[in-house]
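Data file: run.txt. Format and content: compact mmCIF, C-alpha atoms (C1' of nucleotides).
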# COMPACT_ATOMS: atom_id res chain seq x y z
CA MET A 1458 -149.73 -135.21 162.34
CA THR A 1459 -150.11 -137.89 159.72
CA ALA A 1460 -148.79 -135.71 156.97
CA GLY A 1461 -146.25 -136.62 154.39
CA THR A 1462 -144.49 -133.54 153.08
CA HIS A 1463 -146.22 -133.81 149.76
CA ALA A 1464 -149.27 -135.79 148.95
CA THR A 1465 -147.50 -138.86 147.59
CA SER A 1466 -148.65 -140.83 150.61
CA GLY A 1467 -145.27 -141.57 152.13
CA PRO A 1468 -144.93 -143.46 155.39
CA ALA A 1469 -144.96 -140.11 157.27
CA ARG A 1470 -141.53 -140.30 158.78
CA ARG A 1471 -140.78 -138.71 162.07
CA SER A 1472 -138.03 -136.64 160.50
CA ASP A 1473 -140.17 -134.89 157.93
CA ALA A 1474 -140.48 -131.86 160.17
CA THR A 1475 -136.71 -131.56 160.42
CA ARG A 1476 -136.32 -131.99 156.71
CA ALA A 1477 -138.81 -129.20 156.13
CA ALA A 1478 -137.08 -126.97 158.67
CA ILE A 1479 -133.77 -127.46 156.91
CA LEU A 1480 -135.28 -126.64 153.54
CA HIS A 1481 -136.97 -123.56 154.94
CA ALA A 1482 -133.77 -122.28 156.52
CA ALA A 1483 -131.81 -123.12 153.39
CA ARG A 1484 -134.14 -121.12 151.16
CA GLU A 1485 -133.86 -118.10 153.43
CA ARG A 1486 -130.09 -118.29 153.66
CA PHE A 1487 -129.57 -118.85 149.96
CA ALA A 1488 -131.82 -115.90 149.22
CA ALA A 1489 -130.08 -113.64 151.69
CA ASP A 1490 -126.47 -114.61 151.14
CA GLY A 1491 -126.04 -116.40 147.83
CA TYR A 1492 -124.50 -119.83 147.43
CA GLU A 1493 -121.00 -119.46 148.83
CA ARG A 1494 -121.81 -117.41 151.89
CA ALA A 1495 -124.84 -119.50 152.85
CA THR A 1496 -122.91 -122.03 154.92
CA ILE A 1497 -124.26 -125.38 155.96
CA ARG A 1498 -123.45 -124.49 159.53
CA ALA A 1499 -125.53 -121.34 159.41
CA ILE A 1500 -128.45 -123.15 157.81
CA ALA A 1501 -128.25 -125.89 160.43
CA ARG A 1502 -128.15 -123.31 163.20
CA ASP A 1503 -131.28 -121.64 161.82
CA ALA A 1504 -133.01 -125.01 161.69
CA ARG A 1505 -131.75 -125.74 165.21
CA ILE A 1506 -130.02 -128.98 164.38
CA ASP A 1507 -126.55 -130.32 163.81
CA PRO A 1508 -124.78 -129.60 160.53
CA SER A 1509 -124.22 -133.28 159.97
CA MET A 1510 -127.95 -133.80 159.61
CA VAL A 1511 -127.92 -131.68 156.53
CA MET A 1512 -125.36 -133.97 155.02
CA ARG A 1513 -127.25 -137.07 155.97
CA TYR A 1514 -130.51 -135.85 154.47
CA PHE A 1515 -129.23 -134.14 151.37
CA GLY A 1516 -125.83 -135.65 150.74
CA SER A 1517 -123.95 -132.45 150.06
CA LYS A 1518 -124.34 -128.74 149.82
CA ASP A 1519 -125.15 -129.05 146.13
CA GLY A 1520 -127.78 -131.63 146.95
CA LEU A 1521 -129.33 -129.32 149.49
CA PHE A 1522 -129.46 -126.51 146.99
CA ALA A 1523 -131.03 -128.73 144.38
CA ALA A 1524 -133.69 -129.84 146.82
CA ALA A 1525 -134.28 -126.36 148.20
CA VAL A 1526 -134.96 -124.53 145.00
CA SER A 1527 -136.96 -126.84 142.80
CA PHE A 1528 -139.15 -124.18 141.46
CA ASP A 1529 -142.47 -123.87 139.74
CA LEU A 1530 -143.27 -120.43 138.34
CA ARG A 1531 -146.98 -121.31 138.16
CA LEU A 1532 -147.22 -119.26 135.01
CA PRO A 1533 -150.77 -118.40 133.98
CA ASP A 1534 -152.17 -119.78 130.76
CA LEU A 1535 -151.48 -116.92 128.40
CA GLY A 1536 -153.79 -118.45 125.85
CA ALA A 1537 -156.71 -117.83 128.22
CA VAL A 1538 -156.39 -114.07 128.50
CA PRO A 1539 -157.01 -111.46 125.80
CA ARG A 1540 -153.92 -111.08 123.65
CA GLU A 1541 -153.52 -107.44 124.59
CA GLU A 1542 -153.50 -108.31 128.26
CA ALA A 1543 -150.69 -110.87 128.10
CA GLY A 1544 -148.00 -108.36 129.05
CA ARG A 1545 -149.77 -106.94 132.06
CA THR A 1546 -150.82 -110.38 133.19
CA LEU A 1547 -147.26 -111.61 133.08
CA ALA A 1548 -145.91 -108.54 134.84
CA GLY A 1549 -148.42 -108.77 137.66
CA HIS A 1550 -147.87 -112.47 138.06
CA PHE A 1551 -144.13 -112.06 138.45
CA VAL A 1552 -144.38 -109.27 140.97
CA ASP A 1553 -146.75 -111.33 143.08
CA MET A 1554 -144.52 -114.34 142.75
CA TRP A 1555 -141.52 -112.41 143.88
CA GLU A 1556 -143.16 -110.72 146.79
CA GLU A 1557 -144.75 -113.76 148.29
CA ASN A 1558 -141.64 -115.85 148.84
CA GLY A 1559 -137.92 -115.47 148.63
CA GLU A 1560 -137.20 -118.49 146.50
CA LEU A 1561 -136.92 -116.53 143.32
CA THR A 1562 -134.48 -114.17 144.96
CA ALA A 1563 -132.50 -117.18 146.08
CA MET A 1564 -132.43 -118.49 142.52
CA LEU A 1565 -131.33 -115.13 141.22
CA ARG A 1566 -128.54 -114.70 143.75
CA VAL A 1567 -127.30 -118.22 143.34
CA GLY A 1568 -127.62 -118.06 139.58
CA ALA A 1569 -125.31 -115.09 139.57
CA THR A 1570 -122.85 -116.83 141.87
CA ASN A 1571 -122.88 -120.46 140.99
CA GLN A 1572 -122.64 -122.42 137.79
CA GLY A 1573 -125.20 -124.96 138.92
CA GLY A 1574 -127.57 -122.17 139.83
CA ALA A 1575 -127.26 -120.62 136.40
CA GLU A 1576 -128.03 -123.95 134.76
CA ARG A 1577 -131.07 -124.35 136.96
CA MET A 1578 -132.33 -120.99 135.80
CA GLN A 1579 -131.77 -121.98 132.21
CA GLU A 1580 -133.94 -125.03 132.77
CA ILE A 1581 -136.73 -122.99 134.30
CA PHE A 1582 -136.57 -120.57 131.40
CA ARG A 1583 -136.62 -123.34 128.83
CA ASP A 1584 -139.26 -125.55 130.45
CA GLN A 1585 -141.64 -122.95 131.82
CA LEU A 1586 -141.29 -119.55 130.18
CA LEU A 1587 -140.72 -120.74 126.62
CA PRO A 1588 -143.94 -122.78 126.45
CA ALA A 1589 -145.93 -119.92 127.92
CA VAL A 1590 -144.60 -117.46 125.39
CA ARG A 1591 -145.29 -119.91 122.61
CA GLN A 1592 -148.99 -119.49 123.29
CA VAL A 1593 -149.09 -115.82 122.40
CA CYS A 1594 -146.34 -115.57 119.81
CA PRO A 1595 -147.44 -117.26 116.61
CA ASP A 1596 -144.10 -117.39 114.81
CA PRO A 1597 -142.27 -120.33 116.44
CA GLU A 1598 -138.95 -119.10 115.16
CA GLN A 1599 -139.16 -115.91 117.17
CA VAL A 1600 -140.29 -117.49 120.40
CA PRO A 1601 -136.86 -117.97 122.01
CA ALA A 1602 -135.67 -114.43 121.38
CA ARG A 1603 -138.92 -112.87 122.56
CA ALA A 1604 -138.97 -115.03 125.66
CA ALA A 1605 -135.37 -114.11 126.41
CA LEU A 1606 -136.22 -110.42 126.18
CA CYS A 1607 -139.09 -110.92 128.59
CA ALA A 1608 -136.83 -112.82 130.95
CA ALA A 1609 -134.27 -110.03 130.76
CA GLN A 1610 -136.85 -107.40 131.67
CA VAL A 1611 -138.36 -109.39 134.50
CA LEU A 1612 -135.06 -110.54 135.98
CA GLY A 1613 -133.61 -107.07 135.62
CA LEU A 1614 -136.37 -105.55 137.67
CA ALA A 1615 -135.99 -108.27 140.30
CA LEU A 1616 -132.25 -107.67 140.39
CA THR A 1617 -132.48 -103.94 140.91
CA ARG A 1618 -135.38 -104.26 143.31
CA TYR A 1619 -134.61 -107.26 145.49
CA VAL A 1620 -130.86 -107.81 145.21
CA LEU A 1621 -129.14 -104.53 144.43
CA ARG A 1622 -131.94 -102.61 146.13
CA PHE A 1623 -131.77 -99.45 144.06
CA PRO A 1624 -133.96 -97.12 146.12
CA PRO A 1625 -136.18 -95.93 143.24
CA ALA A 1626 -136.73 -99.54 142.14
CA VAL A 1627 -137.69 -100.53 145.67
CA ALA A 1628 -140.06 -97.60 145.93
CA LEU A 1629 -142.19 -98.62 142.95
CA SER A 1630 -145.60 -99.94 143.86
CA ARG A 1631 -147.03 -103.09 142.37
CA GLU A 1632 -149.33 -101.04 140.17
CA GLU A 1633 -146.50 -98.87 138.90
CA VAL A 1634 -144.41 -101.88 138.04
CA VAL A 1635 -147.28 -103.44 136.12
CA ALA A 1636 -148.09 -100.18 134.36
CA TRP A 1637 -144.51 -99.64 133.22
CA MET A 1638 -143.39 -103.18 132.60
CA GLY A 1639 -146.63 -104.57 131.20
CA PRO A 1640 -146.49 -102.74 127.87
CA THR A 1641 -142.82 -103.63 127.51
CA LEU A 1642 -143.55 -107.31 127.88
CA GLN A 1643 -146.53 -106.92 125.61
CA ARG A 1644 -144.30 -105.49 122.91
CA TYR A 1645 -141.72 -108.24 123.36
CA LEU A 1646 -144.48 -110.83 123.10
CA THR A 1647 -146.66 -109.64 120.27
CA ALA A 1648 -145.29 -106.59 118.46
CA PRO A 1649 -143.99 -107.18 114.94
CA SER A 1650 -140.27 -107.82 115.02
CA PRO A 1651 -138.52 -104.47 114.55
CA MET B 797 -90.44 -90.12 149.03
CA THR B 798 -92.14 -88.18 146.28
CA ALA B 799 -94.39 -90.98 145.27
CA GLY B 800 -98.06 -90.63 144.84
CA THR B 801 -99.60 -94.04 144.48
CA HIS B 802 -101.67 -93.10 141.50
CA ALA B 803 -100.55 -89.66 140.43
CA THR B 804 -101.00 -89.27 136.72
CA SER B 805 -97.36 -88.41 136.15
CA GLY B 806 -95.79 -90.40 138.95
CA PRO B 807 -92.10 -91.27 139.24
CA ALA B 808 -92.76 -94.50 137.33
CA ARG B 809 -92.05 -96.97 140.06
CA ARG B 810 -90.59 -100.28 139.22
CA SER B 811 -93.61 -102.02 140.68
CA ASP B 812 -96.22 -100.36 138.54
CA ALA B 813 -96.17 -103.24 136.11
CA THR B 814 -96.90 -105.69 138.89
CA ARG B 815 -99.65 -103.53 140.25
CA ALA B 816 -101.24 -103.38 136.83
CA ALA B 817 -100.89 -107.13 136.39
CA ILE B 818 -102.66 -107.72 139.68
CA LEU B 819 -105.50 -105.39 138.74
CA HIS B 820 -105.86 -107.03 135.36
CA ALA B 821 -106.00 -110.51 136.84
CA ALA B 822 -108.37 -109.33 139.57
CA ARG B 823 -110.84 -107.91 137.07
CA GLU B 824 -110.86 -111.14 135.09
CA ARG B 825 -111.31 -113.29 138.15
CA PHE B 826 -114.00 -111.15 139.69
CA ALA B 827 -115.88 -111.14 136.40
CA ALA B 828 -115.58 -114.88 135.96
CA ASP B 829 -116.13 -116.08 139.52
CA GLY B 830 -117.78 -113.37 141.61
CA TYR B 831 -116.42 -112.05 144.86
CA GLU B 832 -116.21 -115.08 147.10
CA ARG B 833 -114.83 -117.55 144.61
CA ALA B 834 -112.28 -115.16 143.19
CA THR B 835 -109.57 -115.97 145.70
CA ILE B 836 -106.52 -113.83 146.31
CA ARG B 837 -104.39 -116.85 145.66
CA ALA B 838 -105.91 -117.44 142.25
CA ILE B 839 -105.54 -113.80 141.29
CA ALA B 840 -101.93 -113.82 142.42
CA ARG B 841 -101.26 -116.98 140.46
CA ASP B 842 -102.71 -115.39 137.31
CA ALA B 843 -100.49 -112.36 137.83
CA ARG B 844 -97.54 -114.67 138.50
CA ILE B 845 -96.89 -113.20 141.92
CA ASP B 846 -97.03 -114.18 145.54
CA PRO B 847 -100.37 -113.71 147.28
CA SER B 848 -98.75 -111.57 149.92
CA MET B 849 -97.96 -108.92 147.31
CA VAL B 850 -101.66 -108.38 146.79
CA MET B 851 -102.02 -107.63 150.46
CA ARG B 852 -99.07 -105.28 150.46
CA TYR B 853 -100.35 -103.29 147.55
CA PHE B 854 -104.04 -103.24 148.27
CA GLY B 855 -104.32 -103.91 151.99
CA SER B 856 -107.10 -106.48 151.83
CA LYS B 857 -109.39 -108.28 149.47
CA ASP B 858 -111.94 -105.52 149.81
CA GLY B 859 -109.28 -102.97 148.98
CA LEU B 860 -108.31 -104.90 145.89
CA PHE B 861 -111.89 -105.06 144.73
CA ALA B 862 -112.37 -101.36 145.31
CA ALA B 863 -109.26 -100.57 143.29
CA ALA B 864 -110.09 -103.06 140.55
CA VAL B 865 -113.56 -101.94 139.68
CA SER B 866 -113.66 -98.20 139.93
CA PHE B 867 -115.85 -97.72 136.99
CA ASP B 868 -116.78 -94.99 134.61
CA LEU B 869 -119.74 -95.76 132.34
CA ARG B 870 -118.67 -92.98 129.95
CA LEU B 871 -122.32 -92.28 129.27
CA PRO B 872 -122.97 -90.15 126.20
CA ASP B 873 -124.47 -86.71 126.61
CA LEU B 874 -128.13 -87.47 126.02
CA GLY B 875 -128.82 -83.78 125.62
CA ALA B 876 -126.75 -83.79 122.45
CA VAL B 877 -128.76 -86.37 120.51
CA PRO B 878 -132.28 -86.01 119.14
CA ARG B 879 -134.79 -86.82 121.83
CA GLU B 880 -136.25 -89.72 119.89
CA GLU B 881 -132.82 -91.29 119.57
CA ALA B 882 -132.00 -91.32 123.29
CA GLY B 883 -133.20 -94.88 123.82
CA ARG B 884 -131.31 -96.40 120.92
CA THR B 885 -128.21 -94.41 121.80
CA LEU B 886 -128.27 -95.68 125.35
CA ALA B 887 -128.92 -99.25 124.27
CA GLY B 888 -126.06 -99.26 121.79
CA HIS B 889 -123.69 -97.64 124.25
CA PHE B 890 -124.33 -100.25 126.90
CA VAL B 891 -123.90 -103.18 124.54
CA ASP B 892 -120.58 -101.79 123.36
CA MET B 893 -119.51 -101.12 126.91
CA TRP B 894 -120.29 -104.63 127.96
CA GLU B 895 -118.68 -106.31 125.02
CA GLU B 896 -115.39 -104.46 125.18
CA ASN B 897 -114.37 -105.35 128.71
CA GLY B 898 -115.46 -107.58 131.50
CA GLU B 899 -115.52 -105.00 134.26
CA LEU B 900 -119.25 -104.52 134.07
CA THR B 901 -119.76 -108.24 134.29
CA ALA B 902 -117.52 -108.24 137.34
CA MET B 903 -119.60 -105.50 138.93
CA LEU B 904 -122.77 -107.37 138.17
CA ARG B 905 -121.56 -110.66 139.57
CA VAL B 906 -120.08 -109.07 142.65
CA GLY B 907 -123.12 -106.85 143.14
CA ALA B 908 -125.29 -109.93 143.30
CA THR B 909 -122.92 -111.64 145.72
CA ASN B 910 -121.48 -108.99 147.95
CA GLN B 911 -122.99 -106.16 149.97
CA GLY B 912 -120.12 -103.82 149.14
CA GLY B 913 -120.55 -104.61 145.47
CA ALA B 914 -124.23 -103.76 145.59
CA GLU B 915 -123.46 -100.43 147.21
CA ARG B 916 -120.90 -99.69 144.56
CA MET B 917 -123.51 -100.29 141.90
CA GLN B 918 -125.91 -98.00 143.70
CA GLU B 919 -123.28 -95.26 143.58
CA ILE B 920 -122.72 -95.74 139.88
CA PHE B 921 -126.45 -95.62 139.28
CA ARG B 922 -126.88 -92.48 141.37
CA ASP B 923 -123.83 -90.58 140.17
CA GLN B 924 -123.80 -91.52 136.51
CA LEU B 925 -127.12 -92.81 135.23
CA LEU B 926 -129.36 -90.42 137.14
CA PRO B 927 -127.71 -87.26 135.78
CA ALA B 928 -127.79 -88.63 132.25
CA VAL B 929 -131.49 -89.42 132.48
CA ARG B 930 -132.15 -85.99 133.93
CA GLN B 931 -131.15 -84.50 130.61
CA VAL B 932 -133.96 -86.12 128.65
CA CYS B 933 -136.68 -86.36 131.25
CA PRO B 934 -138.04 -82.93 132.05
CA ASP B 935 -140.03 -83.76 135.17
CA PRO B 936 -137.39 -84.02 137.93
CA GLU B 937 -139.75 -85.92 140.15
CA GLN B 938 -139.96 -88.82 137.71
CA VAL B 939 -136.25 -89.08 137.00
CA PRO B 940 -135.35 -91.68 139.66
CA ALA B 941 -138.14 -94.08 138.72
CA ARG B 942 -137.47 -93.79 135.01
CA ALA B 943 -133.75 -94.25 135.50
CA ALA B 944 -134.39 -97.29 137.67
CA LEU B 945 -136.54 -98.83 134.95
CA CYS B 946 -133.78 -98.25 132.42
CA ALA B 947 -131.24 -99.78 134.76
CA ALA B 948 -133.50 -102.78 135.26
CA GLN B 949 -133.81 -103.35 131.52
CA VAL B 950 -130.11 -102.92 130.82
CA LEU B 951 -128.90 -104.98 133.77
CA GLY B 952 -131.47 -107.65 133.03
CA LEU B 953 -130.19 -108.10 129.53
CA ALA B 954 -126.61 -108.20 130.79
CA LEU B 955 -127.60 -110.77 133.39
CA THR B 956 -129.30 -113.13 130.98
CA ARG B 957 -126.65 -112.62 128.32
CA TYR B 958 -123.33 -112.56 130.16
CA VAL B 959 -123.96 -114.22 133.50
CA LEU B 960 -126.80 -116.70 133.18
CA ARG B 961 -126.03 -117.19 129.49
CA PHE B 962 -129.54 -117.97 128.30
CA PRO B 963 -128.83 -119.26 124.79
CA PRO B 964 -131.38 -117.04 122.99
CA ALA B 965 -130.06 -113.97 124.83
CA VAL B 966 -126.50 -114.82 123.86
CA ALA B 967 -127.54 -115.34 120.27
CA LEU B 968 -128.92 -111.83 119.80
CA SER B 969 -126.77 -109.60 117.64
CA ARG B 970 -125.86 -106.08 118.64
CA GLU B 971 -128.37 -104.70 116.14
CA GLU B 972 -131.16 -106.90 117.41
CA VAL B 973 -130.50 -105.85 120.97
CA VAL B 974 -130.59 -102.19 120.01
CA ALA B 975 -133.71 -102.64 117.92
CA TRP B 976 -135.60 -104.39 120.69
CA MET B 977 -134.28 -102.60 123.73
CA GLY B 978 -133.95 -99.10 122.27
CA PRO B 979 -137.69 -98.40 122.08
CA THR B 980 -138.16 -99.78 125.57
CA LEU B 981 -135.60 -97.40 127.01
CA GLN B 982 -137.06 -94.62 124.92
CA ARG B 983 -140.44 -95.20 126.48
CA TYR B 984 -139.00 -95.34 129.99
CA LEU B 985 -137.17 -92.09 129.32
CA THR B 986 -139.71 -89.93 127.53
CA ALA B 987 -143.15 -91.48 127.29
CA PRO B 988 -145.85 -89.92 129.44
CA SER B 989 -146.12 -91.71 132.72
CA PRO B 990 -148.77 -94.43 132.31
C1' DC C 235 -67.95 -99.85 147.28
C1' DT C 236 -71.76 -99.19 151.11
C1' DC C 237 -75.99 -99.03 152.77
C1' DG C 238 -80.85 -97.87 153.04
C1' DT C 239 -84.93 -98.61 150.32
C1' DT C 240 -87.84 -101.17 147.40
C1' DG C 241 -89.78 -105.49 145.30
C1' DG C 242 -90.47 -110.12 145.95
C1' DC C 243 -90.93 -114.90 147.92
C1' DC C 244 -91.51 -118.27 151.66
C1' DA C 245 -93.49 -120.21 155.53
C1' DA C 246 -96.71 -119.89 158.85
C1' DC C 247 -100.98 -118.27 161.40
C1' DA C 248 -105.86 -118.63 162.80
C1' DT C 249 -110.29 -119.38 161.06
C1' DT C 250 -113.77 -121.32 158.41
C1' DT C 251 -115.42 -124.48 155.12
C1' DG C 252 -117.65 -129.12 153.66
C1' DT C 253 -117.67 -133.58 155.18
C1' DT C 254 -117.27 -138.02 157.98
C1' DG C 255 -117.78 -141.53 161.51
C1' DA C 256 -118.57 -143.05 166.20
C1' DC C 257 -121.81 -143.01 169.75
C1' DG C 258 -126.07 -142.25 172.48
C1' DA C 259 -131.39 -141.53 172.84
C1' DA C 260 -136.03 -142.13 171.16
C1' DC C 261 -138.99 -144.86 168.95
C1' DA C 262 -141.56 -149.25 166.75
C1' DC C 263 -142.55 -153.78 166.82
C1' DT C 264 -142.91 -158.61 168.83
C1' DA D 1245 -139.74 -157.09 178.65
C1' DG D 1246 -136.09 -156.98 174.39
C1' DT D 1247 -134.25 -155.58 169.85
C1' DG D 1248 -133.44 -153.39 165.65
C1' DT D 1249 -134.13 -149.11 163.17
C1' DT D 1250 -134.47 -144.19 163.02
C1' DC D 1251 -133.00 -139.53 164.70
C1' DG D 1252 -129.84 -136.69 166.53
C1' DT D 1253 -125.32 -134.87 168.68
C1' DC D 1254 -120.32 -134.60 169.36
C1' DA D 1255 -115.83 -134.39 167.98
C1' DA D 1256 -112.81 -134.46 164.57
C1' DC D 1257 -110.85 -134.29 159.81
C1' DA D 1258 -108.51 -132.25 155.54
C1' DA D 1259 -108.57 -128.53 152.65
C1' DA D 1260 -108.88 -123.77 151.60
C1' DT D 1261 -109.07 -118.91 152.81
C1' DG D 1262 -107.44 -114.11 154.18
C1' DT D 1263 -103.69 -112.30 156.39
C1' DT D 1264 -98.99 -111.52 158.66
C1' DG D 1265 -94.03 -111.19 159.40
C1' DG D 1266 -89.44 -112.41 158.33
C1' DC D 1267 -85.95 -113.05 155.09
C1' DC D 1268 -83.33 -112.38 150.65
C1' DA D 1269 -82.02 -110.06 145.97
C1' DA D 1270 -81.81 -106.08 143.29
C1' DC D 1271 -81.48 -101.50 142.93
C1' DG D 1272 -79.92 -96.29 143.57
C1' DA D 1273 -77.72 -92.51 145.97
C1' DG D 1274 -73.62 -91.22 148.97

Taking this structure as input, can you express it in the form of structure tokens?
Amino acid sequence: MTAGTHATSGPARRSDATRAAILHAARERFAADGYERATIRAIARDARIDPSMVMRYFGSKDGLFAAAVSFDLRLPDLGAVPREEAGRTLAGHFVDMWEENGELTAMLRVGATNQGGAERMQEIFRDQLLPAVRQVCPDPEQVPARAALCAAQVLGLALTRYVLRFPPAVALSREEVVAWMGPTLQRYLTAPSP
Amino acid sequence: MTAGTHATSGPARRSDATRAAILHAARERFAADGYERATIRAIARDARIDPSMVMRYFGSKDGLFAAAVSFDLRLPDLGAVPREEAGRTLAGHFVDMWEENGELTAMLRVGATNQGGAERMQEIFRDQLLPAVRQVCPDPEQVPARAALCAAQVLGLALTRYVLRFPPAVALSREEVVAWMGPTLQRYLTAPSP
DNA sequence: CTCGTTGGCCAACATTTGTTGACGAACACT
DNA sequence: AGTGTTCGTCAACAAATGTTGGCCAACGAG
């Protein structure tokens, strides 16, 4: 049990486990309830510790949120796949991303609820999606608009599927989502501007 | 005691103005803040009334929300336009709808925050969008999935544009939105299933 | 005018929220 | 051993929230 939480060779504090438990519980609660209804007390109860520990470790509820959802989309290098496959690649990547952990749902719920959450999503869009789109869209001037359209499509599907839970959206299989959404993203990325 | 609360030709109670003021303030607050942060006290203050009046008229906060956002999408009859124009028609209609009042933004914010809000959106989807899509998509079996994809695209754009406020999404003009999103909806509505 | 009904405000309630500080227990080091 | 630091709990705080009931002014029919 010599581990630091992340490889930066920390002194391996005894409380790292607790810290991780809090973060884990926080992510789940934020994803399930949104910012306001995810109370510090509930998160602390899930992590089986006292609410005051949350304050001591993360300063405030905002601090906890900031620490809980620092997110890396791990976007694939769109320059490395055939141009015509960019849309499907992106679609598949996002579905996988969304299925495998609830952090993106947390971001989405909190972004819709909370000003800070919305700003966080803007940062992710600007710092991660924009550069990726820039690799397949040659005209730099059109990159922001095209990326925004892609974001709209992807977030819209996540909204209907994981938050609003429209039954037909939930029922779609991964392959169906990719087959429908892939060409849309492809068009937003590479089709001549209409 | 002849009063109906909302009969179309009611006895014109003295309090109707107040009731309307409350509903107006409630819609604005729900749209701006979401369900939890839109407090009864703030709504009452906007309507220049005592918070207890809200309770008297609408019973509870849930009751107020239910009364405030009973929404009619006023979807156009998609059977009446040329089949190839269905997508653009739908896209334009939604942009207009969203621009002209904040109720849809309220629904979206509350749907992401509140269980009741999400169910309300499911009802709107089922009772209004599904029938409209049924008029352009011949195969009844595919209607729910296609409608869900349309909803995802439309709600996604609204999310990025009016809630998260991604700058490039905000910057798009009505015509650009229709030009980009119209063909997407058209494909979801009428293209052969991929 | 008189009196019941309606519209409105005020004060209070119980609960829940984020947040704080005091205090004890487990550990690390000499 | 002893001692200082880390980890954790308990109890309490002030503020805000939804909600309730009582009281007063204005109105309308007799």

- Message: Using Å and a single decimal, report how far CA of Gly978 in chain B sits from CA of Gly883 in chain B.
- Response: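 Atom-to-atom, CA of Gly883 in chain B and CA of Gly978 in chain B are spaced 4.6 Å apart.
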
Closest atom pairs, residues of chain B within 10 Å of chain C, only C-alpha atoms (C1' of nucleotides), as a tab-separated table:
residue	atom	partner	partner_atom	distance
B:Arg809	CA	C:DT240	C1'	9.4
B:Arg810	CA	C:DG241	C1'	8.0
B:Ser811	CA	C:DG241	C1'	6.9
B:Thr814	CA	C:DG241	C1'	9.6
B:Ile845	CA	C:DG242	C1'	8.2
B:Asp846	CA	C:DC243	C1'	6.6
B:Pro847	CA	C:DC243	C1'	9.5
B:Ser848	CA	C:DC243	C1'	8.7
B:Met849	CA	C:DG242	C1'	7.7

- Item | Contact residues (chain D, partner chain A, 9 Å, only C-alpha atoms (C1' of nucleotides)) as a list in words |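 Close enough to count are DT1250, DC1251, DG1252 and DT1253 of chain D.
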
Output the contact residues of chain A with respect to chain B at a cut-off of 6 Å, based on only C-alpha atoms, as a PDB file with C-alpha atoms, in the frame of the given file.
ATOM      1  CA  ARG A1566    -128.540-114.700 143.750  1.00  0.00           C
ATOM      2  CA  ALA A1569    -125.310-115.090 139.570  1.00  0.00           C
ATOM      3  CA  ALA A1575    -127.260-120.620 136.400  1.00  0.00           C
ATOM      4  CA  PRO A1601    -136.860-117.970 122.010  1.00  0.00           C
ATOM      5  CA  ALA A1602    -135.670-114.430 121.380  1.00  0.00           C
ATOM      6  CA  ALA A1605    -135.370-114.110 126.410  1.00  0.00           C
ATOM      7  CA  ALA A1609    -134.270-110.030 130.760  1.00  0.00           C
ATOM      8  CA  GLN A1610    -136.850-107.400 131.670  1.00  0.00           C
ATOM      9  CA  LEU A1612    -135.060-110.540 135.980  1.00  0.00           C
ATOM     10  CA  GLY A1613    -133.610-107.070 135.620  1.00  0.00           C
ATOM     11  CA  LEU A1614    -136.370-105.550 137.670  1.00  0.00           C
ATOM     12  CA  THR A1617    -132.480-103.940 140.910  1.00  0.00           C
ATOM     13  CA  LEU A1621    -129.140-104.530 144.430  1.00  0.00           C
ATOM     14  CA  PRO A1625    -136.180 -95.930 143.240  1.00  0.00           C
ATOM     15  CA  ALA A1626    -136.730 -99.540 142.140  1.00  0.00           C
TER      16      ALA A1626
END

- Message: Report, in Å to a single decimal, how far apart CA of Ala838 in chain B and CA of Phe826 in chain B are.
- Response: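 Going from CA of Phe826 in chain B over to CA of Ala838 in chain B covers 10.6 Å.
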
- Item | Residues within 10 Å of Leu1530 in chain A, all atoms listed in the file, excluding chain neighbours under 4 positions, as a list of chain:residue names | A:His1550, A:Phe1551, A:Met1554, A:Trp1555, A:Leu1561, A:Ile1581, A:Phe1582, A:Gln1585, A:Leu1586

Put those residues in a file: C-alpha atoms, as an mmCIF file, in the frame of the given file.
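Below is the file that was written, selection.cif:
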data_model
loop_
_atom_site.group_PDB
_atom_site.id
_atom_site.type_symbol
_atom_site.label_atom_id
_atom_site.label_comp_id
_atom_site.auth_asym_id
_atom_site.auth_seq_id
_atom_site.Cartn_x
_atom_site.Cartn_y
_atom_site.Cartn_z
ATOM 1 C CA HIS A 1550 -147.870 -112.470 138.060
ATOM 2 C CA PHE A 1551 -144.130 -112.060 138.450
ATOM 3 C CA MET A 1554 -144.520 -114.340 142.750
ATOM 4 C CA TRP A 1555 -141.520 -112.410 143.880
ATOM 5 C CA LEU A 1561 -136.920 -116.530 143.320
ATOM 6 C CA ILE A 1581 -136.730 -122.990 134.300
ATOM 7 C CA PHE A 1582 -136.570 -120.570 131.400
ATOM 8 C CA GLN A 1585 -141.640 -122.950 131.820
ATOM 9 C CA LEU A 1586 -141.290 -119.550 130.180
#

- Distance in Å - C1' of DT1261 in chain D versus CA of Ala840 in chain B: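 Separation between C1' of DT1261 in chain D and CA of Ala840 in chain B: 13.6 Å.
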
What are the closest atom pairs, with distances in Å to one decimal, for each residue of range 849-929 of chain B lying within 12 Å of range 1263-1268 of chain D, using all atoms listed in the file, rows by chain and rising residue number, as a Markdown table?
| residue | atom | partner | partner_atom | distance |
| --- | --- | --- | --- | --- |
| B:Met849 | CA | D:DT1263 | C1' | 11.3 |
| B:Val850 | CA | D:DT1263 | C1' | 10.6 |
| B:Met851 | CA | D:DT1263 | C1' | 7.7 |
| B:Arg852 | CA | D:DT1263 | C1' | 10.3 |
| B:Gly855 | CA | D:DT1263 | C1' | 9.5 |
| B:Ser856 | CA | D:DT1263 | C1' | 8.1 |
| B:Lys857 | CA | D:DT1263 | C1' | 9.8 |
